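Q: Mind having a look at this structure? Questions to follow.
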Amino acid sequence: MNKPLRRIAIFCGLLILTLLIRDNWLQYVKADQLASDDDNRRVIIARYSTPRGDIVVDGKSITGSKATSGTDLKYKRTWKDGPMWSPVTGYASQVVGASQIENLEDGILTGNDDRLFFRNTLDMVTGKKKEGGNVVTTLNAAAQKAAYDGLKNRGKGAVAAIEPSTGKILALASTPSYDPSSFAGNSTADGETFAKLDKDKDKPLLNRALRETYPPGSTFKLVTAAAALESGDYAPDKKTQTPLPWTMPGTTTPLKNEGNIPCENATLRVALKVSCNTVFGKIGSDLGNDKMVEEAEKFGFNKEQFVPVRSNASNFDDNMNPSQTALSSIGQYNTAATPLQMAMVASAIANDGTLMEPYMVDELKASNLDTIEKTEPKELSKPLSEENAQNLQSMMETVVNEGTGQNARIPGATVGGKTGTAQHGVDNSEKPYAWFVSYAKTSSGFPVAVAVVVEDSEASRQDISGGGLAAPIAKSVMEAVINSK
């Protein structure tokens with residue numbers, strides 16, 4: 001072979017080798033990624049080629065599927081009481097994709113999860129059409145309805161409720177909300193509906209229970225009280241060394257209390273009952289930033305939670321001077337918390353100091369109802385000793401029986417709680433957020449811990465308080481759980 005022909009042969013051989021390498025790269029290395037890429041039209045067609053499995057609450061489906069026409073996407077998602085359940089389920093839209101449980105458990109719901117391989121293979125042999133599996137949640141339908149009904153006429157707000165002994169999420173509500181059915185298809189109208197919701201200044205697509213961090217105000221005094229008790233330097237009914245006025249260290253600024261309340265040298269019980277800023281601010285400053293950070297992080301601060309939907313990390317700064325630590329210890333300065341986080345605080349206190357990892361997917365099931373996966377309760381941390389948790393329970397019950405939380409009292413049950421009215425805006429120029437964090441106790445134990453935050457743009461400023469706005473919502477959620485047992 002002459003030299004020019006040999007060069008051409010070598011070049012052609014290299015081209016063939018390159019094509020073989022590329023073909024194998026695509027078929028074996030990139031196959032899974034390409035097969036699941038949302039830009040792959042075949043993936044979308046497959047996802048909506050059969051009825052989607054359901055998300056289940058209290059044994060009943062809160063979702064469904066509906067046959068469509070005029071498109072290669074045969075079925076679209078439907079929801080029952082969509083605005084109430086969307087903070088739990090998220091959306092599954094042919095035009096914009098999926099979110100939250102609809103996205104995270106898409107493999108189970110479509111029937112494409114690898115764990116369903118045997119089931120799908122058997123169906124192929126028997127000629128049965130492939131079906132999606134079901135996601136069984138921990139939610140309590142009555143509690144979710146109570147939470148949503150309580151919030152929907154209050155503007156913006158959120159509720160998170162947890163079963164303290166297990167970490168099961170019983171309610172997760174957020175307002176304003178949206179109906180995921182309104183953009184479940186792939187029409188121009190569906191796309192326009194989503195775009196309008198996405199641009200809405202009130203952010204109806206935002207899951208405030210998990211993704212919004214608020215200044216927790218006086219509800220954070222529960223964390224400061226826990227740190228005080230754990231230090232061994234304080235007891236519920238022992239007087240604190242708290243002058244009135246008390247000037248924050250390194251400043252000439254006295255920390256103010258709300259109104260004329262008995263805070264001078266007040267005990268922890270009295271200080272929590274009437275919500276003394278001076279007592280808890282001084283405790284935080286005296287304990288120091290390191291000890292306060294340590295206690296806050298035991299409750300879950302400074303770390304994202306996955307339930308399995310991601311919840312934003314709540315914040316307690318780890319580099320503050322004594323006066324900043326004082327303000328943070330009463331839920332001001334840079335302290336911020338999600339409603340889920342504050343429900344976790346109440347849950348740990350109610351569960352005798354043990355914080356269970358929160359979750360809202362109980363089981364994943366195949367279409368024949370075989371269990372594919374079941375979530376087992378898991379301890380997350382131990383923020384308090386049993387003795388100190390029970391002391392703090394007693395203090396929280398004083399708040400409800402005699403103090404600012406009396407609107408949460410429930411006949412036949414013992415309720416512990418803490419109100420909060422969190423500053424909002426520059427120099428507190430905007431209406432504050434109303435908080436209530438609580439638990440209920442019955443003869444059979446502690447069935448529920450709950451956190452409520454209300455951003456009420458319609459109420460007059462003097463009417464905004466955790467006890468006035470948020471406590472009645474918390475009460476209705478707790479009653480719903482108690483009555484469903």
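Convention: chains lettered A, B, ... in structure tokens order; per-chain residue numbering from 1; ligands numbered from 1 as shown.
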Excluding segment 149-161 of chain A and any residue of its chain fewer than 6 positions from it, enumerate the residues within 8 Å of it, using only C-alpha atoms, and give them as a list in words.
A: Ile169, Leu170, Ala171, Leu172, Ala173, Ser174, Thr175, Pro176, Asp202, Arg208, Ala209, Pro339, Leu340, Ala343, Val448, Ala449, Val450, Ala451, Val452, Val453, Val454, Glu455, Asp456, Ser457, Glu458, Ile473, Ser476 and Val477 of chain A
Q: Using the chain letters and numbers from this document, which residues of segment 206-453 of chain A does DSSP assign to strand (DSSP E or B), as a PyMOL selection string?
A: chain A and resi 214+239+246-247+254-255+267+305-306+310-311+315+336-337+355-356+359+361-365+371-374+379-381+414-424+430-442+445-453
Q: Just list as a PDB file with N, CA, C and O atoms, in the first residue's frame whatever in segment 299-356 of chain A DSSP marks as helix (DSSP H, G or I).
A:
```pdb
ATOM      1  N   PRO A 322     -21.588  40.272  73.272  1.00  0.00           N
ATOM      2  CA  PRO A 322     -22.595  40.024  74.324  1.00  0.00           C
ATOM      3  C   PRO A 322     -23.938  40.717  74.105  1.00  0.00           C
ATOM      4  O   PRO A 322     -24.988  40.132  74.394  1.00  0.00           O
ATOM      5  N   SER A 323     -23.931  41.951  73.588  1.00  0.00           N
ATOM      6  CA  SER A 323     -25.213  42.629  73.385  1.00  0.00           C
ATOM      7  C   SER A 323     -25.982  42.019  72.219  1.00  0.00           C
ATOM      8  O   SER A 323     -27.211  41.891  72.256  1.00  0.00           O
ATOM      9  N   GLN A 324     -25.269  41.611  71.160  1.00  0.00           N
ATOM     10  CA  GLN A 324     -25.921  40.938  70.043  1.00  0.00           C
ATOM     11  C   GLN A 324     -26.468  39.573  70.478  1.00  0.00           C
ATOM     12  O   GLN A 324     -27.562  39.175  70.075  1.00  0.00           O
ATOM     13  N   THR A 325     -25.713  38.888  71.332  1.00  0.00           N
ATOM     14  CA  THR A 325     -26.183  37.606  71.859  1.00  0.00           C
ATOM     15  C   THR A 325     -27.437  37.804  72.703  1.00  0.00           C
ATOM     16  O   THR A 325     -28.364  36.978  72.658  1.00  0.00           O
ATOM     17  N   ALA A 326     -27.480  38.893  73.459  1.00  0.00           N
ATOM     18  CA  ALA A 326     -28.667  39.198  74.268  1.00  0.00           C
ATOM     19  C   ALA A 326     -29.895  39.363  73.381  1.00  0.00           C
ATOM     20  O   ALA A 326     -30.963  38.789  73.654  1.00  0.00           O
ATOM     21  N   LEU A 327     -29.764  40.146  72.306  1.00  0.00           N
ATOM     22  CA  LEU A 327     -30.887  40.373  71.405  1.00  0.00           C
ATOM     23  C   LEU A 327     -31.291  39.070  70.698  1.00  0.00           C
ATOM     24  O   LEU A 327     -32.477  38.773  70.539  1.00  0.00           O
ATOM     25  N   SER A 328     -30.298  38.293  70.278  1.00  0.00           N
ATOM     26  CA  SER A 328     -30.594  37.025  69.607  1.00  0.00           C
ATOM     27  C   SER A 328     -31.295  36.045  70.539  1.00  0.00           C
ATOM     28  O   SER A 328     -32.111  35.235  70.103  1.00  0.00           O
ATOM     29  N   PRO A 339     -41.203  27.806  60.605  1.00  0.00           N
ATOM     30  CA  PRO A 339     -42.226  27.210  61.471  1.00  0.00           C
ATOM     31  C   PRO A 339     -41.908  25.759  61.831  1.00  0.00           C
ATOM     32  O   PRO A 339     -42.154  25.337  62.958  1.00  0.00           O
ATOM     33  N   LEU A 340     -41.347  24.979  60.877  1.00  0.00           N
ATOM     34  CA  LEU A 340     -40.965  23.607  61.208  1.00  0.00           C
ATOM     35  C   LEU A 340     -39.965  23.593  62.355  1.00  0.00           C
ATOM     36  O   LEU A 340     -40.071  22.786  63.279  1.00  0.00           O
ATOM     37  N   GLN A 341     -38.976  24.498  62.312  1.00  0.00           N
ATOM     38  CA  GLN A 341     -37.962  24.538  63.358  1.00  0.00           C
ATOM     39  C   GLN A 341     -38.575  24.797  64.727  1.00  0.00           C
ATOM     40  O   GLN A 341     -38.226  24.141  65.716  1.00  0.00           O
ATOM     41  N   MET A 342     -39.501  25.740  64.816  1.00  0.00           N
ATOM     42  CA  MET A 342     -40.079  26.054  66.126  1.00  0.00           C
ATOM     43  C   MET A 342     -41.013  24.938  66.594  1.00  0.00           C
ATOM     44  O   MET A 342     -41.152  24.714  67.800  1.00  0.00           O
ATOM     45  N   ALA A 343     -41.628  24.210  65.661  1.00  0.00           N
ATOM     46  CA  ALA A 343     -42.393  23.012  66.056  1.00  0.00           C
ATOM     47  C   ALA A 343     -41.448  21.953  66.608  1.00  0.00           C
ATOM     48  O   ALA A 343     -41.790  21.219  67.544  1.00  0.00           O
ATOM     49  N   MET A 344     -40.239  21.874  66.063  1.00  0.00           N
ATOM     50  CA  MET A 344     -39.230  20.945  66.569  1.00  0.00           C
ATOM     51  C   MET A 344     -38.818  21.303  67.996  1.00  0.00           C
ATOM     52  O   MET A 344     -38.587  20.423  68.827  1.00  0.00           O
ATOM     53  N   VAL A 345     -38.729  22.598  68.284  1.00  0.00           N
ATOM     54  CA  VAL A 345     -38.389  23.038  69.645  1.00  0.00           C
ATOM     55  C   VAL A 345     -39.452  22.555  70.629  1.00  0.00           C
ATOM     56  O   VAL A 345     -39.151  21.940  71.662  1.00  0.00           O
ATOM     57  N   ALA A 346     -40.723  22.825  70.307  1.00  0.00           N
ATOM     58  CA  ALA A 346     -41.816  22.396  71.188  1.00  0.00           C
ATOM     59  C   ALA A 346     -41.875  20.883  71.297  1.00  0.00           C
ATOM     60  O   ALA A 346     -42.158  20.330  72.360  1.00  0.00           O
ATOM     61  N   SER A 347     -41.595  20.193  70.190  1.00  0.00           N
ATOM     62  CA  SER A 347     -41.643  18.740  70.169  1.00  0.00           C
ATOM     63  C   SER A 347     -40.590  18.136  71.094  1.00  0.00           C
ATOM     64  O   SER A 347     -40.870  17.188  71.841  1.00  0.00           O
ATOM     65  N   ALA A 348     -39.374  18.668  71.056  1.00  0.00           N
ATOM     66  CA  ALA A 348     -38.303  18.144  71.915  1.00  0.00           C
ATOM     67  C   ALA A 348     -38.626  18.348  73.392  1.00  0.00           C
ATOM     68  O   ALA A 348     -38.383  17.465  74.220  1.00  0.00           O
ATOM     69  N   ILE A 349     -39.176  19.502  73.723  1.00  0.00           N
ATOM     70  CA  ILE A 349     -39.543  19.772  75.116  1.00  0.00           C
ATOM     71  C   ILE A 349     -40.639  18.805  75.562  1.00  0.00           C
ATOM     72  O   ILE A 349     -40.573  18.213  76.644  1.00  0.00           O
ATOM     73  N   ALA A 350     -41.652  18.616  74.713  1.00  0.00           N
ATOM     74  CA  ALA A 350     -42.764  17.718  75.059  1.00  0.00           C
ATOM     75  C   ALA A 350     -42.307  16.269  75.174  1.00  0.00           C
ATOM     76  O   ALA A 350     -42.858  15.505  75.969  1.00  0.00           O
TER      77      ALA A 350
END
```
Q: Could you give me, as JSON lines, a per-residue list for segment 111-182 of chain A showing, wherever an atom lies at most 6 Å from an atom of segment 67-86 of chain A, the closest pair of atoms and their distance in Å to one decimal, using only C-alpha atoms and sorting by chain then residue number from low to high?
A:
```
{"residue": "A:Ser177", "atom": "CA", "partner": "A:Pro83", "partner_atom": "CA", "distance": 5.3}
{"residue": "A:Tyr178", "atom": "CA", "partner": "A:Pro83", "partner_atom": "CA", "distance": 4.8}
{"residue": "A:Asp179", "atom": "CA", "partner": "A:Gly82", "partner_atom": "CA", "distance": 4.7}
{"residue": "A:Ser181", "atom": "CA", "partner": "A:Thr78", "partner_atom": "CA", "distance": 5.4}
```
Q: Using only C-alpha atoms, which of A:Ala143, A:Ile283, A:Leu355, A:Ala366 sits nearest Lys475 of chain A?
A: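 Closest to Lys475 of chain A, using only C-alpha atoms: A:Ala143.
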Q: Looking at A:Thr404, A:Asn265, A:Asn302, A:Thr354, which one is nearest to Lys239 of chain A, with distances taken over only C-alpha atoms?
A: A:Asn265
Q: Rank nothing, just name the residue among A:Ala147, A:Ala98, A:Leu109, A:Ala235 nearest to Pro472 of chain A, using only C-alpha atoms.
A: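 Using only C-alpha atoms, the shortest distance to Pro472 of chain A belongs to A:Ala147.
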Q: Considering only C-alpha atoms, return as number ranges by chain whatever protein or nucleic-acid residues lie within 8 Å of segment 186-199 of chain A, sequence-local ones (same chain, fewer than 2 positions apart) excluded.
A: A: 93-96, 178, 182-184, 201, 203-205
Q: Could you dump the residues just selected with N, CA, C and O atoms as a PDB file, in the first residue's frame?
A:
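Saved result, out-v1.pdb, follows:
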```
ATOM      1  N   SER A  93     -46.567  19.100  36.989  1.00  0.00           N
ATOM      2  CA  SER A  93     -47.124  19.805  35.840  1.00  0.00           C
ATOM      3  C   SER A  93     -46.425  19.368  34.559  1.00  0.00           C
ATOM      4  O   SER A  93     -45.200  19.281  34.500  1.00  0.00           O
ATOM      5  N   GLN A  94     -47.218  19.114  33.525  1.00  0.00           N
ATOM      6  CA  GLN A  94     -46.648  18.735  32.239  1.00  0.00           C
ATOM      7  C   GLN A  94     -45.884  19.882  31.600  1.00  0.00           C
ATOM      8  O   GLN A  94     -44.996  19.649  30.779  1.00  0.00           O
ATOM      9  N   VAL A  95     -46.169  21.093  32.015  1.00  0.00           N
ATOM     10  CA  VAL A  95     -45.528  22.245  31.380  1.00  0.00           C
ATOM     11  C   VAL A  95     -44.332  22.781  32.156  1.00  0.00           C
ATOM     12  O   VAL A  95     -43.399  23.317  31.562  1.00  0.00           O
ATOM     13  N   VAL A  96     -44.297  22.615  33.484  1.00  0.00           N
ATOM     14  CA  VAL A  96     -43.177  23.182  34.262  1.00  0.00           C
ATOM     15  C   VAL A  96     -42.446  22.161  35.125  1.00  0.00           C
ATOM     16  O   VAL A  96     -41.489  22.501  35.815  1.00  0.00           O
ATOM     17  N   TYR A 178     -52.038  27.803  46.474  1.00  0.00           N
ATOM     18  CA  TYR A 178     -52.386  27.706  45.055  1.00  0.00           C
ATOM     19  C   TYR A 178     -52.968  26.327  44.795  1.00  0.00           C
ATOM     20  O   TYR A 178     -52.791  25.401  45.589  1.00  0.00           O
ATOM     21  N   SER A 182     -54.447  23.706  38.568  1.00  0.00           N
ATOM     22  CA  SER A 182     -54.682  24.801  37.625  1.00  0.00           C
ATOM     23  C   SER A 182     -53.595  24.925  36.571  1.00  0.00           C
ATOM     24  O   SER A 182     -53.773  25.630  35.579  1.00  0.00           O
ATOM     25  N   PHE A 183     -52.469  24.255  36.749  1.00  0.00           N
ATOM     26  CA  PHE A 183     -51.438  24.269  35.701  1.00  0.00           C
ATOM     27  C   PHE A 183     -50.811  22.876  35.540  1.00  0.00           C
ATOM     28  O   PHE A 183     -49.628  22.732  35.233  1.00  0.00           O
ATOM     29  N   ALA A 184     -51.635  21.845  35.731  1.00  0.00           N
ATOM     30  CA  ALA A 184     -51.123  20.472  35.645  1.00  0.00           C
ATOM     31  C   ALA A 184     -50.925  20.011  34.206  1.00  0.00           C
ATOM     32  O   ALA A 184     -50.172  19.063  33.955  1.00  0.00           O
ATOM     33  N   LYS A 201     -46.634  38.895  43.980  1.00  0.00           N
ATOM     34  CA  LYS A 201     -45.840  39.484  45.067  1.00  0.00           C
ATOM     35  C   LYS A 201     -46.080  38.797  46.409  1.00  0.00           C
ATOM     36  O   LYS A 201     -45.234  38.861  47.301  1.00  0.00           O
ATOM     37  N   LYS A 203     -46.265  35.581  46.785  1.00  0.00           N
ATOM     38  CA  LYS A 203     -45.538  34.318  46.712  1.00  0.00           C
ATOM     39  C   LYS A 203     -46.382  33.097  47.134  1.00  0.00           C
ATOM     40  O   LYS A 203     -46.035  32.384  48.072  1.00  0.00           O
ATOM     41  N   PRO A 204     -47.478  32.849  46.436  1.00  0.00           N
ATOM     42  CA  PRO A 204     -48.298  31.676  46.802  1.00  0.00           C
ATOM     43  C   PRO A 204     -47.587  30.347  46.588  1.00  0.00           C
ATOM     44  O   PRO A 204     -47.946  29.342  47.213  1.00  0.00           O
ATOM     45  N   LEU A 205     -46.570  30.303  45.711  1.00  0.00           N
ATOM     46  CA  LEU A 205     -45.838  29.060  45.470  1.00  0.00           C
ATOM     47  C   LEU A 205     -44.829  28.756  46.572  1.00  0.00           C
ATOM     48  O   LEU A 205     -44.293  27.649  46.642  1.00  0.00           O
TER      49      LEU A 205
END
```
Q: Interatomic distance between atom CA of Val437 of chain A and atom CA of Met356 of chain A?
A: 17.0 Å
Q: Check the smallest atom-to-atom distance from each of A:Gly281, A:Gly445, A:Gly53, A:Gly64 to Val223 of chain A using only C-alpha atoms, then report the winner.
A: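 Among the listed residues, A:Gly281 lies closest to Val223 of chain A.
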Q: Can you work out which one of A:Asn321, A:Leu244, A:Glu212, A:Val481 has the shortest atom-to-atom distance to Asn140 of chain A, counting only C-alpha atoms?
A: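 The answer is A:Val481, which sits nearest to Asn140 of chain A.
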Q: What does the structure give for the distance between atom CA of Ser311 of chain A and atom CA of Gly331 of chain A, in Å to one decimal?
A: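 Pair atom CA of Ser311 of chain A / atom CA of Gly331 of chain A returns 19.4 Å.
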Q: Have a look at atom CA of Ile108 of chain A and atom CA of Leu206 of chain A and let me know their distance in Å, one decimal.
A: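 Computing the Euclidean distance for atom CA of Ile108 of chain A and atom CA of Leu206 of chain A yields 24.7 Å.
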Q: Can you pull out every residue within 10 Å of Leu380 of chain A, counting only C-alpha atoms, but drop anything in the same chain fewer than 2 positions away, and send it as a PyMOL selection string?
A: chain A and resi 167+298-300+348+354-358+377-378+382-383
Q: Extract, using only C-alpha atoms, all DNA, RNA and protein residues at most 9 Å from segment 369-375 of chain A, discarding same-chain residues fewer than 2 positions from it, and format them as a compact mmCIF listing (two decimals) with N, CA and C atoms, in the first residue's frame.
A:
```
# COMPACT_ATOMS: atom_id res chain seq x y z
N ARG A 115 -36.71 -0.11 42.49
CA ARG A 115 -37.22 -1.05 43.48
C ARG A 115 -38.52 -1.72 43.04
N LEU A 116 -39.11 -1.21 41.95
CA LEU A 116 -40.34 -1.81 41.41
C LEU A 116 -40.04 -2.72 40.21
N GLY A 133 -46.79 3.49 41.99
CA GLY A 133 -46.98 3.17 43.39
C GLY A 133 -47.54 4.35 44.16
N ASN A 134 -47.76 4.16 45.45
CA ASN A 134 -48.36 5.20 46.29
C ASN A 134 -47.38 5.68 47.35
N TYR A 359 -40.40 13.87 59.81
CA TYR A 359 -40.59 13.28 58.48
C TYR A 359 -42.07 13.24 58.16
N VAL A 361 -43.17 11.27 55.08
CA VAL A 361 -43.47 10.10 54.25
C VAL A 361 -43.34 8.88 55.13
N ASP A 362 -44.46 8.20 55.37
CA ASP A 362 -44.47 7.04 56.25
C ASP A 362 -44.06 5.77 55.50
N GLU A 363 -44.68 5.58 54.32
CA GLU A 363 -44.39 4.37 53.54
C GLU A 363 -44.42 4.68 52.05
N LEU A 364 -43.64 3.90 51.29
CA LEU A 364 -43.74 3.86 49.84
C LEU A 364 -44.29 2.49 49.48
N LYS A 365 -45.34 2.46 48.67
CA LYS A 365 -46.01 1.19 48.36
C LYS A 365 -46.08 0.97 46.85
N ALA A 366 -45.98 -0.28 46.45
CA ALA A 366 -46.20 -0.66 45.06
C ALA A 366 -47.70 -0.58 44.76
N SER A 367 -48.04 -0.74 43.49
CA SER A 367 -49.46 -0.64 43.10
C SER A 367 -50.31 -1.74 43.72
N PRO A 377 -38.90 5.87 63.00
CA PRO A 377 -38.55 7.05 63.79
C PRO A 377 -37.07 7.01 64.19
N LYS A 378 -36.45 8.18 64.19
CA LYS A 378 -35.02 8.26 64.46
C LYS A 378 -34.73 9.46 65.36
```
Q: Pick out the residues sitting within 10 Å of Glu258 of chain A, and hand them over as a list in words; count only C-alpha atoms, and ignore anything fewer than 3 positions along from it in its own chain.
A: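 My reading of the contact set: Ile261, Val274, Ser275, Cys276 and Asn277 of chain A.
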Q: Let's have the selection written as a short mmCIF file (atom, residue, chain, number, x, y, z; two decimals), in the first residue's frame, with all heavy atoms.
A:
```
data_model
loop_
_atom_site.label_atom_id
_atom_site.label_comp_id
_atom_site.auth_asym_id
_atom_site.auth_seq_id
_atom_site.Cartn_x
_atom_site.Cartn_y
_atom_site.Cartn_z
N ILE A 261 -44.35 45.07 83.30
CA ILE A 261 -44.46 43.69 83.76
C ILE A 261 -43.38 43.41 84.81
O ILE A 261 -42.33 44.07 84.83
CB ILE A 261 -44.35 42.70 82.59
CG1 ILE A 261 -43.12 42.99 81.71
CG2 ILE A 261 -45.60 42.73 81.74
CD1 ILE A 261 -42.95 42.05 80.54
N VAL A 274 -44.75 36.13 81.57
CA VAL A 274 -45.05 37.50 81.13
C VAL A 274 -44.14 37.94 79.99
O VAL A 274 -44.28 39.04 79.47
CB VAL A 274 -44.97 38.49 82.31
CG1 VAL A 274 -45.98 38.13 83.38
CG2 VAL A 274 -43.56 38.56 82.89
N SER A 275 -43.17 37.08 79.63
CA SER A 275 -42.26 37.31 78.50
C SER A 275 -41.31 38.48 78.73
O SER A 275 -41.33 39.48 78.01
CB SER A 275 -43.06 37.52 77.20
OG SER A 275 -42.27 37.20 76.07
N CYS A 276 -40.44 38.33 79.70
CA CYS A 276 -39.46 39.37 80.04
C CYS A 276 -38.26 39.34 79.08
O CYS A 276 -37.49 38.38 79.08
CB CYS A 276 -38.94 39.17 81.46
SG CYS A 276 -40.17 39.41 82.75
N ASN A 277 -38.10 40.40 78.32
CA ASN A 277 -36.92 40.52 77.48
C ASN A 277 -35.64 40.62 78.31
O ASN A 277 -34.61 40.04 77.97
CB ASN A 277 -37.03 41.74 76.57
CG ASN A 277 -38.11 41.57 75.51
OD1 ASN A 277 -38.50 40.45 75.17
ND2 ASN A 277 -38.60 42.68 75.00
#
```
